[in-house]
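Since the structure comes first, as structure tokens, the remarks are kept for the end.
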Amino acid sequence: MPASPQTLNYATAHFMKSAPTLAQCPPDSGAEVAFAGRSNAGKSSAINTLTRQKALARTSRTPGRTQLINSFSLMGNDALRLIDLPGYGYAKVPEAVKREWQAHLSDYLRRRQSLRGLVLLMDVRHPLTEFDQLLLELADERDLAVHILLTKADKLKKGPAKATLQKVRRQLFEWEDLVTVQLFSALKKDGLDTLSHRLDQWLGAHPDAML
């Protein structure tokens, strides 16, 4: 029988290292969950809200500053990790740099064996961009579970926000066995319990969570 998920304390997240390539990431063992999204989707704010730390993941007024694969350990255990992947698609950088970022993202998602799930962040006002579709297709190639955060939900009234949620779910119906979707607001901490529960399912059932 599979192990029962443990409730993890995400406030214990601690920076491990930044790596420009997959080869320089922590050893590919244990279990990790990666966060990905366009550079203006609020990825760093979501990670900071989850971990209850104001500056664990760097936020910037200039989207696209995260150009490295950043690893954070949980519960004092380097075998349990949160991964902050490079933002993409908005930063004013040369096309060659954007292509390099995309290559590293693809490499990571295809080859990282310790990856248990992908949290894909989308601005609720601009969901399912071309880049989002690309990441969903990469995840589908290896049957990787994806949890979508429709971020900045506080920017819309409840009616339009829920309508967007339902529209995204309909559009992703063919992937319903792998993909779940929720509304999220880092500002108001709305949806935080749902996100934590999903991560517990992915990470808390791993043997390293029992240590």
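Labels used: A, B, ... for chains in the order of the structure tokens, numbers from 1 for residues in each chain, and numbers from 1 for ligands as shown.
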Which polymer residues have any atom within 9 Å of an atom of Asp132 (chain A), counting only C-alpha atoms, with same-chain residues fewer than 4 positions away left out, as a PyMOL selection string? chain A and resi 37-38+120-122+127-128+136-137
Since we have the selection now, will you write its residues out, keeping all heavy atoms, as a tab-separated table (two decimals), in the first residue's frame?
```
chain	number	residue	atom	x	y	z
A	37	GLY	N	6.32	29.17	-14.76
A	37	GLY	CA	5.32	30.09	-15.28
A	37	GLY	C	5.99	31.26	-15.97
A	37	GLY	O	7.20	31.48	-15.83
A	38	ARG	N	5.19	32.02	-16.70
A	38	ARG	CA	5.71	33.22	-17.33
A	38	ARG	C	6.25	34.16	-16.26
A	38	ARG	O	5.83	34.13	-15.11
A	38	ARG	CB	4.61	33.91	-18.14
A	38	ARG	CG	4.30	33.22	-19.45
A	38	ARG	CD	3.12	33.87	-20.14
A	38	ARG	NE	3.42	35.27	-20.51
A	38	ARG	CZ	3.97	35.63	-21.66
A	38	ARG	NH1	4.29	34.71	-22.56
A	38	ARG	NH2	4.20	36.89	-21.93
A	120	LEU	N	2.15	24.92	-12.25
A	120	LEU	CA	2.23	25.84	-13.37
A	120	LEU	C	1.38	27.07	-13.06
A	120	LEU	O	0.17	26.96	-12.84
A	120	LEU	CB	1.73	25.15	-14.64
A	120	LEU	CG	1.71	25.97	-15.93
A	120	LEU	CD1	3.06	26.58	-16.22
A	120	LEU	CD2	1.24	25.12	-17.09
A	121	LEU	N	2.02	28.23	-13.01
A	121	LEU	CA	1.33	29.46	-12.64
A	121	LEU	C	0.96	30.27	-13.87
A	121	LEU	O	1.77	30.46	-14.77
A	121	LEU	CB	2.22	30.31	-11.72
A	121	LEU	CG	2.53	29.66	-10.36
A	121	LEU	CD1	3.85	28.90	-10.43
A	121	LEU	CD2	2.58	30.69	-9.26
A	122	MET	N	-0.30	30.72	-13.89
A	122	MET	CA	-0.81	31.55	-14.98
A	122	MET	C	-1.58	32.73	-14.38
A	122	MET	O	-2.37	32.53	-13.45
A	122	MET	CB	-1.77	30.76	-15.87
A	122	MET	CG	-1.26	29.45	-16.39
A	122	MET	SD	-2.57	28.60	-17.34
A	122	MET	CE	-1.80	26.98	-17.55
A	127	PRO	N	-4.68	33.33	-19.10
A	127	PRO	CA	-4.29	31.92	-18.96
A	127	PRO	C	-4.00	31.23	-20.29
A	127	PRO	O	-4.39	31.71	-21.35
A	127	PRO	CB	-5.53	31.30	-18.29
A	127	PRO	CG	-6.67	32.11	-18.84
A	127	PRO	CD	-6.14	33.52	-18.98
A	128	LEU	N	-3.31	30.09	-20.18
A	128	LEU	CA	-3.09	29.20	-21.31
A	128	LEU	C	-2.43	29.89	-22.50
A	128	LEU	O	-2.89	29.81	-23.64
A	128	LEU	CB	-4.39	28.53	-21.73
A	128	LEU	CG	-4.98	27.55	-20.71
A	128	LEU	CD1	-6.34	27.04	-21.16
A	128	LEU	CD2	-4.02	26.38	-20.49
A	136	LEU	N	2.64	22.16	-20.64
A	136	LEU	CA	1.66	21.08	-20.47
A	136	LEU	C	1.98	19.90	-21.39
A	136	LEU	O	1.85	18.74	-20.99
A	136	LEU	CB	0.26	21.61	-20.76
A	136	LEU	CG	-0.36	22.50	-19.68
A	136	LEU	CD1	-1.61	23.19	-20.20
A	136	LEU	CD2	-0.68	21.69	-18.43
A	137	GLU	N	2.41	20.19	-22.59
A	137	GLU	CA	2.77	19.12	-23.52
A	137	GLU	C	4.01	18.37	-23.05
A	137	GLU	O	4.08	17.14	-23.16
A	137	GLU	CB	2.99	19.70	-24.92
A	137	GLU	CG	1.69	20.17	-25.58
A	137	GLU	CD	1.93	21.00	-26.83
A	137	GLU	OE1	3.11	21.12	-27.25
A	137	GLU	OE2	0.95	21.54	-27.38
```
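For Leu50 (chain A), the list of residues within 7 Å, based on only C-alpha atoms and with local chain neighbours fewer than 3 positions off taken out, reads Tyr10, Ala46, Ile47 and Leu192 of chain A.
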With all heavy atoms kept, could you save the residues just selected as an mmCIF file, in the first residue's frame?
```cif
data_model
loop_
_atom_site.group_PDB
_atom_site.id
_atom_site.type_symbol
_atom_site.label_atom_id
_atom_site.label_comp_id
_atom_site.auth_asym_id
_atom_site.auth_seq_id
_atom_site.Cartn_x
_atom_site.Cartn_y
_atom_site.Cartn_z
ATOM 1 N N TYR A 10 5.945 23.951 5.122
ATOM 2 C CA TYR A 10 6.631 24.638 4.034
ATOM 3 C C TYR A 10 7.365 25.891 4.509
ATOM 4 O O TYR A 10 8.203 26.417 3.780
ATOM 5 C CB TYR A 10 5.634 24.957 2.913
ATOM 6 C CG TYR A 10 5.088 23.676 2.319
ATOM 7 C CD1 TYR A 10 3.844 23.176 2.712
ATOM 8 C CD2 TYR A 10 5.843 22.934 1.428
ATOM 9 C CE1 TYR A 10 3.372 21.978 2.214
ATOM 10 C CE2 TYR A 10 5.382 21.733 0.922
ATOM 11 C CZ TYR A 10 4.148 21.253 1.326
ATOM 12 O OH TYR A 10 3.702 20.053 0.833
ATOM 13 N N ALA A 46 4.063 33.567 -5.099
ATOM 14 C CA ALA A 46 3.376 32.354 -4.666
ATOM 15 C C ALA A 46 4.282 31.498 -3.779
ATOM 16 O O ALA A 46 3.841 30.974 -2.744
ATOM 17 C CB ALA A 46 2.910 31.550 -5.881
ATOM 18 N N ILE A 47 5.533 31.344 -4.163
ATOM 19 C CA ILE A 47 6.476 30.554 -3.359
ATOM 20 C C ILE A 47 6.688 31.205 -2.001
ATOM 21 O O ILE A 47 6.709 30.532 -0.964
ATOM 22 C CB ILE A 47 7.812 30.389 -4.106
ATOM 23 C CG1 ILE A 47 7.615 29.522 -5.350
ATOM 24 C CG2 ILE A 47 8.874 29.775 -3.196
ATOM 25 C CD1 ILE A 47 8.836 29.431 -6.251
ATOM 26 N N LEU A 192 -4.337 28.970 -0.551
ATOM 27 C CA LEU A 192 -3.082 28.452 -0.004
ATOM 28 C C LEU A 192 -3.250 27.041 0.547
ATOM 29 O O LEU A 192 -2.387 26.181 0.346
ATOM 30 C CB LEU A 192 -2.569 29.395 1.088
ATOM 31 C CG LEU A 192 -1.229 29.051 1.736
ATOM 32 C CD1 LEU A 192 -0.134 28.953 0.686
ATOM 33 C CD2 LEU A 192 -0.861 30.091 2.791
#
```
Rounded to one decimal place, report the CA of Lys17 (chain A)-CA of Ser71 (chain A) distance in Å.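 Separation of CA of Lys17 (chain A) and CA of Ser71 (chain A): 5.5 Å.
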Hey, what's within 8 Å of region 94-106 of chain A if we count only C-alpha atoms and toss same-chain stuff fewer than 2 positions away? As a count of residues only, please? 12
Identify, with DSSP run on backbone atoms, the residues in region 103-208 of chain A assigned to alpha helix (DSSP H), and express the list as a ChimeraX atom specification. /A:103-111,130-141,158-171,192-203
Distance query region 115-118 of chain A at most 10 Å, only C-alpha atoms, self and fewer than 6 positions along chain excluded, as a ChimeraX atom specification: /A:28-36,81-83,108-109,135-136,139,143-148,178-179,198-199,201-203,206
Please return as a JSON list (two decimals) with N, CA, C and O atoms, in the first residue's frame: the residues of region 126-187 of chain A that backbone DSSP assigns to strand (DSSP E).
```json
[["chain", "number", "residue", "atom", "x", "y", "z"],
["A", 146, "VAL", "N", 0.30, 17.87, -13.08],
["A", 146, "VAL", "CA", 0.41, 19.33, -13.11],
["A", 146, "VAL", "C", -0.72, 19.94, -12.28],
["A", 146, "VAL", "O", -1.88, 19.54, -12.41],
["A", 147, "HIS", "N", -0.36, 20.89, -11.43],
["A", 147, "HIS", "CA", -1.36, 21.64, -10.68],
["A", 147, "HIS", "C", -1.25, 23.10, -11.11],
["A", 147, "HIS", "O", -0.21, 23.73, -10.92],
["A", 148, "ILE", "N", -2.31, 23.63, -11.70],
["A", 148, "ILE", "CA", -2.29, 24.99, -12.23],
["A", 148, "ILE", "C", -2.81, 25.97, -11.18],
["A", 148, "ILE", "O", -3.89, 25.77, -10.61],
["A", 149, "LEU", "N", -2.04, 27.02, -10.94],
["A", 149, "LEU", "CA", -2.49, 28.13, -10.10],
["A", 149, "LEU", "C", -2.88, 29.28, -11.02],
["A", 149, "LEU", "O", -2.03, 29.81, -11.76],
["A", 150, "LEU", "N", -4.14, 29.68, -10.99],
["A", 150, "LEU", "CA", -4.57, 30.88, -11.68],
["A", 150, "LEU", "C", -4.36, 32.03, -10.71],
["A", 150, "LEU", "O", -5.17, 32.29, -9.83],
["A", 151, "THR", "N", -3.22, 32.68, -10.85],
["A", 151, "THR", "CA", -2.76, 33.66, -9.87],
["A", 151, "THR", "C", -3.43, 35.02, -10.04],
["A", 151, "THR", "O", -4.10, 35.29, -11.04],
["A", 179, "VAL", "N", -4.08, 16.87, -14.78],
["A", 179, "VAL", "CA", -4.07, 18.31, -14.49],
["A", 179, "VAL", "C", -5.20, 18.71, -13.55],
["A", 179, "VAL", "O", -6.36, 18.33, -13.76],
["A", 180, "THR", "N", -4.86, 19.47, -12.50],
["A", 180, "THR", "CA", -5.85, 20.08, -11.62],
["A", 180, "THR", "C", -5.64, 21.59, -11.67],
["A", 180, "THR", "O", -4.54, 22.07, -11.96],
["A", 181, "VAL", "N", -6.72, 22.35, -11.38],
["A", 181, "VAL", "CA", -6.67, 23.81, -11.51],
["A", 181, "VAL", "C", -7.34, 24.46, -10.30],
["A", 181, "VAL", "O", -8.36, 23.96, -9.81],
["A", 182, "GLN", "N", -6.78, 25.57, -9.84],
["A", 182, "GLN", "CA", -7.39, 26.32, -8.75],
["A", 182, "GLN", "C", -7.12, 27.81, -8.93],
["A", 182, "GLN", "O", -6.20, 28.22, -9.64],
["A", 183, "LEU", "N", -7.94, 28.63, -8.26],
["A", 183, "LEU", "CA", -7.67, 30.07, -8.16],
["A", 183, "LEU", "C", -6.70, 30.30, -7.02],
["A", 183, "LEU", "O", -6.69, 29.57, -6.02]]
```
Find the residue from A:Asn77, A:Ser44, A:Thr129, A:Thr194 that sits nearest to Pro207 (chain A); use only C-alpha atoms when measuring.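 Residue with the minimum atom-to-atom distance to Pro207 (chain A): A:Asn77.
Going from CA of Ser45 (chain A) to CA of Phe131 (chain A) covers 19.8 Å.
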